[in-house]
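Okay, protein-v1.tsv now, which holds TSV, C-alpha atoms and all ligand atoms:
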chain	number	residue	atom	x	y	z
T	26	MET	CA	-16.30	-31.88	-3.39
T	27	ALA	CA	-17.30	-28.25	-3.50
T	28	THR	CA	-14.27	-25.98	-3.64
T	29	ASP	CA	-14.14	-22.75	-1.70
T	30	SER	CA	-14.00	-20.01	-4.33
T	31	TYR	CA	-12.73	-17.58	-1.69
T	32	ALA	CA	-9.73	-19.72	-0.72
T	33	PRO	CA	-6.38	-17.94	-1.20
T	34	LEU	CA	-4.08	-19.29	-3.90
T	35	PRO	CA	-0.46	-18.37	-4.72
T	36	GLU	CA	-1.63	-16.63	-7.92
T	37	HIS	CA	-3.50	-14.09	-5.78
T	38	LYS	CA	-0.15	-12.89	-4.40
T	39	PHE	CA	-1.45	-12.25	-0.89
T	40	THR	CA	1.35	-11.17	1.41
T	41	PHE	CA	1.65	-10.04	5.02
T	42	GLY	CA	4.44	-8.33	6.92
T	43	LEU	CA	6.09	-10.05	9.87
T	44	TRP	CA	4.90	-6.99	11.80
T	45	THR	CA	1.24	-7.46	10.85
T	46	VAL	CA	0.21	-10.91	12.06
T	47	GLY	CA	3.11	-10.60	14.50
T	48	ASN	CA	1.59	-7.50	16.10
T	49	PRO	CA	1.21	-8.29	19.81
T	50	GLY	CA	-1.58	-5.79	20.44
T	51	ALA	CA	0.25	-2.98	22.23
T	52	ASP	CA	-1.00	0.56	21.66
T	53	PRO	CA	0.10	3.95	23.04
T	54	PHE	CA	-2.14	3.35	26.08
T	55	GLY	CA	-1.76	-0.34	26.70
T	56	LEU	CA	0.63	-3.23	26.97
T	57	PRO	CA	0.73	-6.16	24.55
T	58	THR	CA	-2.24	-8.51	24.81
T	59	ARG	CA	-0.68	-11.39	22.86
T	60	GLN	CA	2.51	-13.43	23.05
T	61	ARG	CA	5.23	-12.29	20.67
T	62	LEU	CA	5.73	-14.79	17.84
T	63	SER	CA	9.16	-15.54	16.37
T	64	PRO	CA	9.69	-14.92	12.63
T	65	VAL	CA	9.70	-18.69	12.09
T	66	GLU	CA	6.38	-19.06	13.92
T	67	ILE	CA	4.92	-16.23	11.85
T	68	VAL	CA	5.98	-17.87	8.59
T	69	HIS	CA	4.27	-21.08	9.69
T	70	LEU	CA	1.13	-19.19	10.68
T	71	LEU	CA	1.05	-17.52	7.25
T	72	GLY	CA	1.57	-20.88	5.59
T	73	GLU	CA	-1.34	-22.30	7.58
T	74	VAL	CA	-3.76	-19.56	6.52
T	75	GLY	CA	-2.71	-19.77	2.87
T	76	ALA	CA	-0.66	-16.63	2.26
T	77	TYR	CA	1.74	-16.44	-0.67
T	78	GLY	CA	4.48	-14.31	0.81
T	79	VAL	CA	5.96	-12.61	3.84
T	80	ASN	CA	7.64	-9.20	3.98
T	81	PHE	CA	9.72	-7.66	6.72
T	82	HIS	CA	11.60	-4.69	8.10
T	83	ASP	CA	15.24	-5.56	8.85
T	84	ASN	CA	14.57	-5.53	12.59
T	85	ASP	CA	11.39	-7.64	12.40
T	86	LEU	CA	13.77	-10.42	11.45
T	87	VAL	CA	17.16	-9.45	12.88
T	88	PRO	CA	17.17	-7.45	16.13
T	89	ILE	CA	19.02	-4.13	15.83
T	90	ASP	CA	21.69	-5.28	18.30
T	91	ALA	CA	22.21	-8.82	16.95
T	92	THR	CA	25.79	-10.01	16.44
T	93	PRO	CA	26.84	-11.17	12.95
T	94	ALA	CA	26.68	-14.79	14.15
T	95	GLU	CA	23.18	-14.30	15.55
T	96	ARG	CA	22.11	-12.67	12.29
T	97	ASP	CA	23.36	-15.62	10.25
T	98	GLN	CA	21.53	-18.12	12.48
T	99	ILE	CA	18.27	-16.14	12.33
T	100	VAL	CA	18.47	-15.85	8.55
T	101	ALA	CA	19.22	-19.58	8.19
T	102	ASP	CA	16.23	-20.50	10.38
T	103	PHE	CA	14.01	-18.11	8.43
T	104	LYS	CA	15.12	-19.57	5.10
T	105	GLN	CA	14.31	-23.02	6.41
T	106	ALA	CA	10.82	-21.89	7.42
T	107	LEU	CA	10.31	-20.43	3.92
T	108	ALA	CA	11.42	-23.70	2.37
T	109	ASP	CA	9.13	-25.70	4.68
T	110	THR	CA	6.06	-23.59	3.90
T	111	GLY	CA	6.73	-22.51	0.29
T	112	LEU	CA	6.34	-18.85	1.20
T	113	VAL	CA	8.36	-16.25	-0.70
T	114	VAL	CA	9.69	-12.79	0.25
T	115	PRO	CA	8.57	-10.31	-2.43
T	116	MET	CA	9.31	-7.12	-0.48
T	117	ALA	CA	11.63	-5.83	2.21
T	118	THR	CA	12.00	-2.51	3.99
T	119	THR	CA	13.97	-0.76	6.72
T	120	ASN	CA	12.86	0.16	10.19
T	121	LEU	CA	13.86	3.83	10.32
T	122	PHE	CA	11.37	4.81	13.00
T	123	THR	CA	11.54	2.69	16.19
T	124	ASP	CA	15.01	3.46	17.47
T	125	PRO	CA	15.38	6.77	19.36
T	126	ALA	CA	18.21	7.68	16.97
T	127	PHE	CA	15.47	8.41	14.43
T	128	LYS	CA	13.37	10.64	16.67
T	129	ASP	CA	13.88	13.60	14.27
T	130	GLY	CA	13.77	11.55	11.10
T	131	ALA	CA	16.21	9.29	9.29
T	132	PHE	CA	17.07	10.54	5.78
T	133	THR	CA	15.69	13.96	6.74
T	134	SER	CA	17.15	14.32	10.23
T	135	ASN	CA	18.83	17.65	10.83
T	136	ASP	CA	21.89	15.72	12.03
T	137	PRO	CA	24.22	14.53	9.22
T	138	ALA	CA	25.34	11.65	11.45
T	139	VAL	CA	21.76	10.34	11.72
T	140	ARG	CA	21.31	10.72	7.95
T	141	ALA	CA	24.50	8.75	7.29
T	142	TYR	CA	23.52	6.08	9.84
T	143	ALA	CA	20.12	5.75	8.13
T	144	LEU	CA	21.85	5.16	4.79
T	145	GLN	CA	24.16	2.57	6.34
T	146	LYS	CA	21.23	0.77	7.99
T	147	THR	CA	19.25	0.80	4.74
T	148	MET	CA	22.13	-0.63	2.70
T	149	GLN	CA	22.48	-3.47	5.21
T	150	SER	CA	18.74	-4.04	5.10
T	151	MET	CA	18.77	-4.04	1.29
T	152	ASP	CA	21.49	-6.73	1.46
T	153	LEU	CA	19.24	-8.78	3.76
T	154	GLY	CA	16.19	-8.36	1.54
T	155	ALA	CA	18.15	-9.31	-1.58
T	156	GLU	CA	19.54	-12.39	0.15
T	157	LEU	CA	15.95	-13.53	0.78
T	158	GLY	CA	14.77	-12.78	-2.76
T	159	ALA	CA	12.96	-9.44	-2.36
T	160	LYS	CA	12.50	-7.46	-5.56
T	161	VAL	CA	10.49	-4.54	-4.20
T	162	TYR	CA	12.03	-2.28	-1.57
T	163	VAL	CA	9.62	-0.05	0.33
T	164	PHE	CA	10.44	3.34	1.82
T	165	TRP	CA	7.95	4.49	4.42
T	166	GLY	CA	9.30	7.66	6.00
T	167	GLY	CA	7.37	7.46	9.22
T	168	ARG	CA	9.67	9.83	11.08
T	169	GLU	CA	10.51	12.07	8.11
T	170	GLY	CA	8.72	15.21	9.19
T	171	THR	CA	8.18	17.74	11.94
T	172	GLU	CA	6.04	18.69	14.90
T	173	SER	CA	7.02	22.33	14.55
T	174	ASP	CA	8.13	23.94	11.31
T	175	ALA	CA	10.46	26.09	13.39
T	176	THR	CA	12.70	23.02	13.54
T	177	LYS	CA	13.28	22.15	9.91
T	178	ASN	CA	13.04	23.75	6.49
T	179	PRO	CA	10.87	21.50	4.30
T	180	LEU	CA	13.15	22.30	1.34
T	181	ASP	CA	16.05	20.78	3.28
T	182	GLY	CA	13.90	17.75	4.07
T	183	LEU	CA	13.11	17.21	0.40
T	184	LYS	CA	16.74	17.73	-0.62
T	185	TRP	CA	18.04	15.25	1.94
T	186	PHE	CA	15.39	12.68	1.08
T	187	ARG	CA	16.27	13.06	-2.63
T	188	GLU	CA	19.97	12.67	-1.93
T	189	ALA	CA	19.33	9.50	0.09
T	190	LEU	CA	17.20	7.91	-2.61
T	191	ASN	CA	19.69	8.83	-5.34
T	192	PHE	CA	22.46	7.25	-3.27
T	193	LEU	CA	20.45	4.07	-2.62
T	194	CYS	CA	19.36	3.68	-6.24
T	195	GLU	CA	23.05	3.70	-7.17
T	196	TYR	CA	23.76	1.19	-4.43
T	197	SER	CA	21.07	-1.16	-5.76
T	198	ILE	CA	22.45	-0.83	-9.30
T	199	ASP	CA	26.02	-1.32	-8.07
T	200	GLN	CA	25.07	-4.52	-6.23
T	201	GLY	CA	22.94	-5.81	-9.11
T	202	TYR	CA	19.94	-6.19	-6.80
T	203	GLY	CA	17.38	-5.14	-9.39
T	204	TYR	CA	15.18	-3.54	-6.76
T	205	GLN	CA	12.13	-1.48	-7.58
T	206	PHE	CA	11.81	1.21	-4.91
T	207	ALA	CA	8.27	1.91	-3.71
T	208	LEU	CA	7.65	5.12	-1.74
T	209	GLU	CA	4.83	5.00	0.80
T	210	ALA	CA	3.13	8.25	1.78
T	211	LYS	CA	1.34	8.94	5.06
T	212	PRO	CA	0.08	12.36	6.18
T	213	ASN	CA	0.89	12.10	9.90
T	214	GLU	CA	1.42	9.64	12.77
T	215	PRO	CA	3.93	9.14	14.25
T	216	ARG	CA	5.13	12.67	13.27
T	217	GLY	CA	2.85	15.68	13.53
T	218	ASP	CA	3.35	16.13	9.79
T	219	ILE	CA	5.19	13.75	7.50
T	220	PHE	CA	6.88	15.10	4.36
T	221	LEU	CA	5.32	14.14	1.02
T	222	PRO	CA	2.00	13.29	2.71
T	223	THR	CA	0.07	11.74	-0.16
T	224	THR	CA	0.65	9.35	-3.04
T	225	GLY	CA	0.20	12.25	-5.44
T	226	ALA	CA	2.97	14.18	-3.66
T	227	MET	CA	5.25	11.14	-3.95
T	228	LEU	CA	4.52	10.83	-7.67
T	229	GLY	CA	5.57	14.44	-8.22
T	230	PHE	CA	8.72	14.00	-6.14
T	231	ILE	CA	9.79	10.82	-7.97
T	232	GLU	CA	10.25	12.78	-11.18
T	233	THR	CA	12.98	14.83	-9.47
T	234	LEU	CA	15.15	11.74	-8.78
T	235	ASP	CA	18.19	10.65	-10.77
T	236	HIS	CA	16.72	7.18	-11.39
T	237	ALA	CA	13.02	7.98	-11.57
T	238	ASP	CA	12.47	4.82	-13.63
T	239	MET	CA	13.45	2.64	-10.63
T	240	VAL	CA	11.12	4.38	-8.22
T	241	GLY	CA	7.36	4.03	-7.83
T	242	VAL	CA	4.85	4.09	-5.00
T	243	ASN	CA	3.35	1.85	-2.35
T	244	PRO	CA	-0.01	3.49	-1.61
T	245	GLU	CA	-1.83	2.41	1.55
T	246	VAL	CA	-5.61	2.44	1.94
T	247	ALA	CA	-5.58	3.89	5.44
T	248	HIS	CA	-3.04	6.60	4.68
T	249	GLU	CA	-5.11	8.31	2.00
T	250	GLN	CA	-8.27	7.74	4.07
T	251	MET	CA	-6.64	9.47	7.04
T	252	ALA	CA	-6.23	12.51	4.80
T	253	GLY	CA	-9.84	12.26	3.68
T	254	LEU	CA	-8.83	11.39	0.11
T	255	ASN	CA	-10.23	8.91	-2.39
T	256	PHE	CA	-7.78	6.01	-2.32
T	257	THR	CA	-8.84	4.49	-5.63
T	258	HIS	CA	-8.21	7.81	-7.36
T	259	ALA	CA	-4.68	7.88	-5.91
T	260	VAL	CA	-4.07	4.30	-7.05
T	261	ALA	CA	-5.41	5.14	-10.50
T	262	GLN	CA	-2.99	8.06	-10.78
T	263	ALA	CA	-0.11	5.79	-9.75
T	264	TRP	CA	-1.17	3.16	-12.27
T	265	ASP	CA	-1.54	5.76	-15.01
T	266	ALA	CA	2.03	6.89	-14.34
T	267	GLY	CA	3.32	3.29	-14.46
T	268	LYS	CA	4.30	3.62	-10.81
T	269	LEU	CA	2.12	1.16	-8.91
T	270	PHE	CA	4.94	-1.09	-7.70
T	271	HIS	CA	3.25	-2.36	-4.51
T	272	ILE	CA	0.11	-1.75	-2.46
T	273	ASP	CA	-0.72	-1.82	1.27
T	274	LEU	CA	-4.25	-3.01	1.96
T	275	ASN	CA	-6.05	-2.41	5.24
T	276	ASP	CA	-8.95	-0.28	6.37
T	277	GLN	CA	-9.66	2.86	8.31
T	278	ASN	CA	-12.42	5.04	9.61
T	279	PRO	CA	-11.34	8.38	8.08
T	280	GLY	CA	-10.43	10.98	10.65
T	281	ARG	CA	-9.54	8.49	13.38
T	282	TYR	CA	-6.10	7.41	14.56
T	283	ASP	CA	-4.10	4.99	12.37
T	284	GLN	CA	-6.31	1.93	12.80
T	285	ASP	CA	-4.81	-0.69	10.45
T	286	PHE	CA	-8.08	-2.62	10.37
T	287	ARG	CA	-8.63	-5.90	8.53
T	288	PHE	CA	-8.95	-5.22	4.80
T	289	ALA	CA	-12.41	-4.02	3.73
T	290	SER	CA	-13.81	-4.27	7.26
T	291	TYR	CA	-14.90	-0.65	7.38
T	292	LEU	CA	-15.29	1.11	4.01
T	293	ILE	CA	-16.87	-1.63	1.97
T	294	LYS	CA	-17.91	0.46	-1.00
T	295	SER	CA	-14.60	2.22	-1.53
T	296	ASN	CA	-12.67	-1.02	-1.10
T	297	PHE	CA	-14.94	-2.62	-3.68
T	298	PHE	CA	-13.88	0.03	-6.18
T	299	LEU	CA	-10.26	-0.47	-5.22
T	300	VAL	CA	-10.37	-4.22	-5.85
T	301	LYS	CA	-12.35	-3.68	-9.03
T	302	PHE	CA	-9.72	-1.23	-10.23
T	303	LEU	CA	-6.79	-3.54	-9.47
T	304	GLU	CA	-8.47	-6.49	-11.14
T	305	ASP	CA	-9.78	-4.55	-14.16
T	306	VAL	CA	-6.37	-3.10	-15.02
T	307	GLY	CA	-4.55	-6.37	-14.34
T	308	TYR	CA	-2.28	-5.22	-11.52
T	309	ASP	CA	-0.03	-8.22	-10.94
T	310	GLY	CA	2.05	-7.16	-7.94
T	311	SER	CA	1.66	-8.24	-4.33
T	312	ARG	CA	-1.61	-7.66	-2.51
T	313	HIS	CA	0.08	-6.85	0.76
T	314	PHE	CA	-2.02	-6.61	3.92
T	315	ASP	CA	-0.50	-3.96	6.17
T	316	ALA	CA	-2.97	-4.38	8.99
T	317	HIS	CA	-3.30	-6.13	12.31
T	318	ALA	CA	-5.88	-7.93	14.40
T	319	PHE	CA	-7.94	-6.07	16.98
T	320	ARG	CA	-6.22	-5.88	20.35
T	321	THR	CA	-8.96	-8.11	21.74
T	322	GLU	CA	-7.73	-11.15	19.81
T	323	ASP	CA	-5.68	-14.20	20.75
T	324	LEU	CA	-3.74	-16.34	18.29
T	325	GLU	CA	-6.91	-17.80	16.78
T	326	GLY	CA	-8.25	-14.30	16.32
T	327	VAL	CA	-5.07	-13.33	14.48
T	328	LYS	CA	-5.65	-16.21	12.07
T	329	ASP	CA	-9.28	-15.11	11.65
T	330	PHE	CA	-7.96	-11.64	10.86
T	331	ALA	CA	-5.49	-12.89	8.24
T	332	ARG	CA	-7.98	-15.22	6.61
T	333	GLY	CA	-10.55	-12.43	6.64
T	334	CYS	CA	-8.26	-10.00	4.75
T	335	MET	CA	-7.76	-12.47	1.91
T	336	ARG	CA	-11.32	-13.75	1.85
T	337	SER	CA	-12.76	-10.24	1.74
T	338	TYR	CA	-10.46	-9.35	-1.16
T	339	LEU	CA	-11.69	-12.39	-3.09
T	340	ILE	CA	-15.32	-11.68	-2.27
T	341	LEU	CA	-14.91	-8.13	-3.58
T	342	LYS	CA	-13.15	-9.53	-6.64
T	343	GLU	CA	-16.17	-11.73	-7.31
T	344	LYS	CA	-18.47	-8.75	-6.80
T	345	ALA	CA	-16.38	-6.78	-9.30
T	346	GLN	CA	-16.84	-9.52	-11.84
T	347	GLN	CA	-20.57	-9.55	-11.14
T	348	PHE	CA	-20.66	-5.77	-11.65
T	349	ASN	CA	-18.83	-6.14	-14.96
T	350	GLU	CA	-21.29	-8.83	-16.11
T	351	ASP	CA	-24.51	-7.20	-14.89
T	352	ALA	CA	-26.47	-6.38	-18.04
T	353	GLU	CA	-28.54	-3.59	-16.51
T	354	ILE	CA	-25.54	-1.88	-14.92
T	355	GLN	CA	-23.44	-2.22	-18.05
T	356	ALA	CA	-26.23	-0.81	-20.23
T	357	LEU	CA	-26.46	2.23	-17.96
T	358	LEU	CA	-22.70	2.68	-18.08
T	359	ALA	CA	-22.60	2.38	-21.86
T	360	GLU	CA	-25.21	5.15	-22.22
T	361	LEU	CA	-23.17	7.49	-20.04
T	362	THR	CA	-20.41	7.98	-22.57
T	363	GLU	CA	-22.65	8.54	-25.58
T	364	ALA	CA	-22.80	12.18	-26.73
T	365	SER	CA	-26.19	13.52	-25.68
T	366	GLN	CA	-26.51	15.84	-28.68
T	367	PRO	CA	-24.76	16.34	-32.05
T	368	THR	CA	-21.09	17.06	-31.29
T	369	PRO	CA	-18.15	17.67	-33.64
T	370	ALA	CA	-15.57	14.87	-33.57
T	371	LEU	CA	-12.45	16.04	-31.75
T	372	GLY	CA	-9.12	14.23	-31.49
T	373	SER	CA	-5.80	15.95	-31.29
T	374	TYR	CA	-5.57	19.63	-32.09
T	375	ALA	CA	-5.78	20.82	-35.65
T	376	ALA	CA	-6.58	24.36	-36.77
T	377	ASP	CA	-9.66	23.29	-38.71
T	378	THR	CA	-10.97	21.16	-35.82
T	379	ALA	CA	-10.61	24.16	-33.54
T	380	ALA	CA	-12.41	26.35	-36.06
T	381	THR	CA	-15.26	23.83	-36.43
T	382	LEU	CA	-15.59	23.53	-32.68
T	383	LYS	CA	-15.64	27.30	-32.19
T	384	ALA	CA	-18.37	27.62	-34.79
T	385	HIS	CA	-20.52	24.83	-33.37
T	386	SER	CA	-23.71	25.68	-31.53
T	387	PHE	CA	-24.39	23.59	-28.40
T	388	ASP	CA	-27.75	23.32	-26.70
T	389	ARG	CA	-26.32	24.32	-23.31
T	390	ALA	CA	-29.70	24.26	-21.56
T	391	ALA	CA	-30.24	20.65	-22.66
T	392	LEU	CA	-26.78	19.67	-21.34
T	393	GLY	CA	-27.69	21.06	-17.95
T	394	ALA	CA	-31.24	19.75	-17.88
T	395	ARG	CA	-30.41	16.14	-18.64
T	396	GLY	CA	-30.75	13.64	-15.77
T	397	LEU	CA	-27.81	11.25	-15.62
T	398	GLY	CA	-29.39	8.34	-13.77
T	399	TYR	CA	-26.55	8.09	-11.25
T	400	GLU	CA	-28.93	7.53	-8.35
T	401	LYS	CA	-30.23	4.40	-10.01
T	402	LEU	CA	-26.74	3.19	-10.89
T	403	ASP	CA	-25.44	3.73	-7.38
T	404	GLN	CA	-28.46	1.97	-5.85
T	405	LEU	CA	-27.87	-1.01	-8.14
T	406	LEU	CA	-24.29	-1.09	-6.90
T	407	PHE	CA	-25.49	-1.05	-3.29
T	408	GLU	CA	-27.89	-3.90	-3.93
T	409	LEU	CA	-25.20	-5.90	-5.68
T	410	LEU	CA	-22.83	-5.40	-2.73
T	411	MET	CA	-25.54	-6.33	-0.23
T	412	GLY	CA	-26.23	-9.57	-2.07
T	413	VAL	CA	-29.82	-8.82	-3.02
T	414	ARG	CA	-29.01	-8.63	-6.72
L	1	LIG	C1	2.46	2.48	9.12
L	1	LIG	C2	3.05	2.05	7.80
L	1	LIG	C3	4.03	0.94	7.92
L	1	LIG	C4	4.79	0.67	6.64
L	1	LIG	C5	5.88	-0.30	6.90
L	1	LIG	C6	6.52	-0.86	5.67
L	1	LIG	O1	1.47	3.21	9.08
L	1	LIG	O2	2.98	2.11	10.16
L	1	LIG	O3	2.00	1.70	6.96
L	1	LIG	O4	3.36	-0.23	8.33
L	1	LIG	O5	3.97	0.22	5.62
L	1	LIG	O6	6.85	0.31	7.68
L	1	LIG	O7	7.10	0.10	4.96
L	2	MN	MN	0.05	2.39	7.74
L	3	MN	MN	1.99	0.59	5.17

structure tokens encoding of this file:
Amino acid sequence: MATDSYAPLPEHKFTFGLWTVGNPGADPFGLPTRQRLSPVEIVHLLGEVGAYGVNFHDNDLVPIDATPAERDQIVADFKQALADTGLVVPMATTNLFTDPAFKDGAFTSNDPAVRAYALQKTMQSMDLGAELGAKVYVFWGGREGTESDATKNPLDGLKWFREALNFLCEYSIDQGYGYQFALEAKPNEPRGDIFLPTTGAMLGFIETLDHADMVGVNPEVAHEQMAGLNFTHAVAQAWDAGKLFHIDLNDQNPGRYDQDFRFASYLIKSNFFLVKFLEDVGYDGSRHFDAHAFRTEDLEGVKDFARGCMRSYLILKEKAQQFNEDAEIQALLAELTEASQPTPALGSYAADTAATLKAHSFDRAALGARGLGYEKLDQLLFELLMGVR
């Protein structure tokens, strides 16, 4: 029997949030178009389509006003669904954006009472995540920002955010949870401006924390695209810093609203380079799809969406392998890094190397005149992606 080489397997570590396939299709202009699914139903749906894991915000699982007894029943039912399907919970996070209490931010609210409540809610949510086996804890500060800079000093925002993360790192250590914290940047939406708007900004900020070693990033495709940035470059910087703890995959037409499209459904070429990067470096964390089905879809369409995210990833992975094995492409790439004229060997600084280099005579005109063949290389890539190669 022929096997489907694009079928998801546990080793691919494909995960979805309860809020992703559970998204009922509401938007700022329209009501839900689909029935709400319970967490147990979502786990079974994910099991059916072949996902490896399920992630959640505290209130995706336990409503914000649940009693302790209700919480325990919900968690027991959820654990049973995990056992029945074999799904795992690699990541958890806190909803610090839906409730009106967080309308001016959570950790960066001007009100110390809101900041303290956000810490309390996060500790409880970390307890819940740990109980279900999560090892990565994501911080997406959706409300941490401003509409008008008259309202908040960004230095205060950074200070309060730092204090919260320092506190919560200590809490994780104290409880023995072993969490890795992953900070997720987004430039705007739902706030006019969100603090630390890019992955690069997060990476700089992390180095100011007391437990920088525990804290990395959770870059999201759409978030860097919204800012018009090259997502793969952001991911590469995170990887280079040893900080790629998690990743949110989806897609986005840059410059539009936050679309959360099915992975690789829009920017095929840039998502190809993303998958190629992750596979080439051997990233072994979750491939988390933070996306949702078009509002036009019913339950079957949601399954098509989820299957499509995973299938597209695996198709791009196969294309990456094809790119790496393509003799013509690889020969072109190998030529690119050859010195085009006699060049002194460098290496780390030494006084005599510097002297040799200063004395060397380069043929500058030849450096500028040389054609690099990038048009040909890029066309070969296009043909490979289009399946005509
Ligand atoms: C968004 C974000 C969120 C976060 C989620 C988990 O744009 O809404 O991407 O989906 O990823 O809150 O932290
Ligand atoms: Mn997002
Ligand atoms: Mn996200």

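Comparing the minimum interatomic distances between Gln200 (chain T) and each of T:Asn213, T:Ser63, T:Gln250, T:Gln149, counting all atoms listed in the file, we find that T:Gln149 sits nearest.
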
For Asp52 (chain T), please output as a PyMOL selection string all residues within 9 Å (counting all atoms listed in the file; exclusion window: fewer than 4 positions along the same chain). chain T and resi 56-57+320

Output as a Markdown table one row per residue of chain T within 7 Å of ligand MN 3 (chain L): the closest atom pair and its distance in Å to one decimal place, counting all atoms listed in the file, sorted by chain and residue number ascending.
| residue | atom | partner | partner_atom | distance |
| --- | --- | --- | --- | --- |
| T:Glu209 | CA | L:MN3 | MN | 6.8 |
| T:Glu245 | CA | L:MN3 | MN | 5.6 |
| T:Asp273 | CA | L:MN3 | MN | 5.3 |
| T:Asp315 | CA | L:MN3 | MN | 5.3 |

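For the pair CA of Asp403 (chain T) and CA of Asn296 (chain T), the separation is 15.0 Å.
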
Interatomic distance, CA of Trp165 (chain T) to CA of Phe127 (chain T) (Å, one decimal):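 Between CA of Trp165 (chain T) and CA of Phe127 (chain T) the gap works out to 13.1 Å.
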
So which residues are near ligand LIG 1 (chain L), meaning at most 9 Å away with only C-alpha atoms and all ligand atoms counted, given back as an mmCIF file with C-alpha atoms, in the frame of the given file?
data_model
loop_
_atom_site.group_PDB
_atom_site.id
_atom_site.type_symbol
_atom_site.label_atom_id
_atom_site.label_comp_id
_atom_site.auth_asym_id
_atom_site.auth_seq_id
_atom_site.Cartn_x
_atom_site.Cartn_y
_atom_site.Cartn_z
ATOM 1 C CA GLY T 42 4.440 -8.330 6.920
ATOM 2 C CA TRP T 44 4.900 -6.990 11.800
ATOM 3 C CA THR T 45 1.240 -7.460 10.850
ATOM 4 C CA ASN T 80 7.640 -9.200 3.980
ATOM 5 C CA PHE T 81 9.720 -7.660 6.720
ATOM 6 C CA HIS T 82 11.600 -4.690 8.100
ATOM 7 C CA ALA T 117 11.630 -5.830 2.210
ATOM 8 C CA THR T 118 12.000 -2.510 3.990
ATOM 9 C CA THR T 119 13.970 -0.760 6.720
ATOM 10 C CA ASN T 120 12.860 0.160 10.190
ATOM 11 C CA LEU T 121 13.860 3.830 10.320
ATOM 12 C CA PHE T 122 11.370 4.810 13.000
ATOM 13 C CA TYR T 162 12.030 -2.280 -1.570
ATOM 14 C CA VAL T 163 9.620 -0.050 0.330
ATOM 15 C CA PHE T 164 10.440 3.340 1.820
ATOM 16 C CA TRP T 165 7.950 4.490 4.420
ATOM 17 C CA GLY T 166 9.300 7.660 6.000
ATOM 18 C CA GLY T 167 7.370 7.460 9.220
ATOM 19 C CA ALA T 207 8.270 1.910 -3.710
ATOM 20 C CA LEU T 208 7.650 5.120 -1.740
ATOM 21 C CA GLU T 209 4.830 5.000 0.800
ATOM 22 C CA ALA T 210 3.130 8.250 1.780
ATOM 23 C CA LYS T 211 1.340 8.940 5.060
ATOM 24 C CA ASN T 213 0.890 12.100 9.900
ATOM 25 C CA GLU T 214 1.420 9.640 12.770
ATOM 26 C CA PRO T 215 3.930 9.140 14.250
ATOM 27 C CA ASN T 243 3.350 1.850 -2.350
ATOM 28 C CA PRO T 244 -0.010 3.490 -1.610
ATOM 29 C CA GLU T 245 -1.830 2.410 1.550
ATOM 30 C CA ALA T 247 -5.580 3.890 5.440
ATOM 31 C CA HIS T 248 -3.040 6.600 4.680
ATOM 32 C CA ASP T 273 -0.720 -1.820 1.270
ATOM 33 C CA ASP T 283 -4.100 4.990 12.370
ATOM 34 C CA GLN T 284 -6.310 1.930 12.800
ATOM 35 C CA ASP T 285 -4.810 -0.690 10.450
ATOM 36 C CA ASP T 315 -0.500 -3.960 6.170
ATOM 37 C CA ALA T 316 -2.970 -4.380 8.990
#

Across T:Ala345, T:Leu402, T:Ala318, T:Val306, the smallest distance to Leu358 (chain T), with only C-alpha atoms counted, is shown by T:Leu402

Rounded to one decimal, what separation in Å do you get between CA of Val139 (chain T) and CA of Ala126 (chain T)?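 For CA of Val139 (chain T) relative to CA of Ala126 (chain T), the distance reads 6.9 Å.
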
Option closest in space to ligand MN 2 (chain L), from T:Ala189, T:Ala376, T:Leu274, T:Ala359 [counting only C-alpha atoms and all ligand atoms]: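 Nearest to ligand MN 2 (chain L): T:Leu274.
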
So that I can see what lies close to Gln347 (chain T), please list as a tab-separated table (two decimals) with C-alpha atoms, keeping the file's coordinate frame the residues with an atom at most 12 Å from it, counting only C-alpha atoms and leaving out residues fewer than 6 positions away in the same chain.
chain	number	residue	atom	x	y	z
T	297	PHE	CA	-14.94	-2.62	-3.68
T	301	LYS	CA	-12.35	-3.68	-9.03
T	340	ILE	CA	-15.32	-11.68	-2.27
T	341	LEU	CA	-14.91	-8.13	-3.58
T	353	GLU	CA	-28.54	-3.59	-16.51
T	354	ILE	CA	-25.54	-1.88	-14.92
T	355	GLN	CA	-23.44	-2.22	-18.05
T	405	LEU	CA	-27.87	-1.01	-8.14
T	406	LEU	CA	-24.29	-1.09	-6.90
T	408	GLU	CA	-27.89	-3.90	-3.93
T	409	LEU	CA	-25.20	-5.90	-5.68
T	410	LEU	CA	-22.83	-5.40	-2.73
T	412	GLY	CA	-26.23	-9.57	-2.07
T	414	ARG	CA	-29.01	-8.63	-6.72
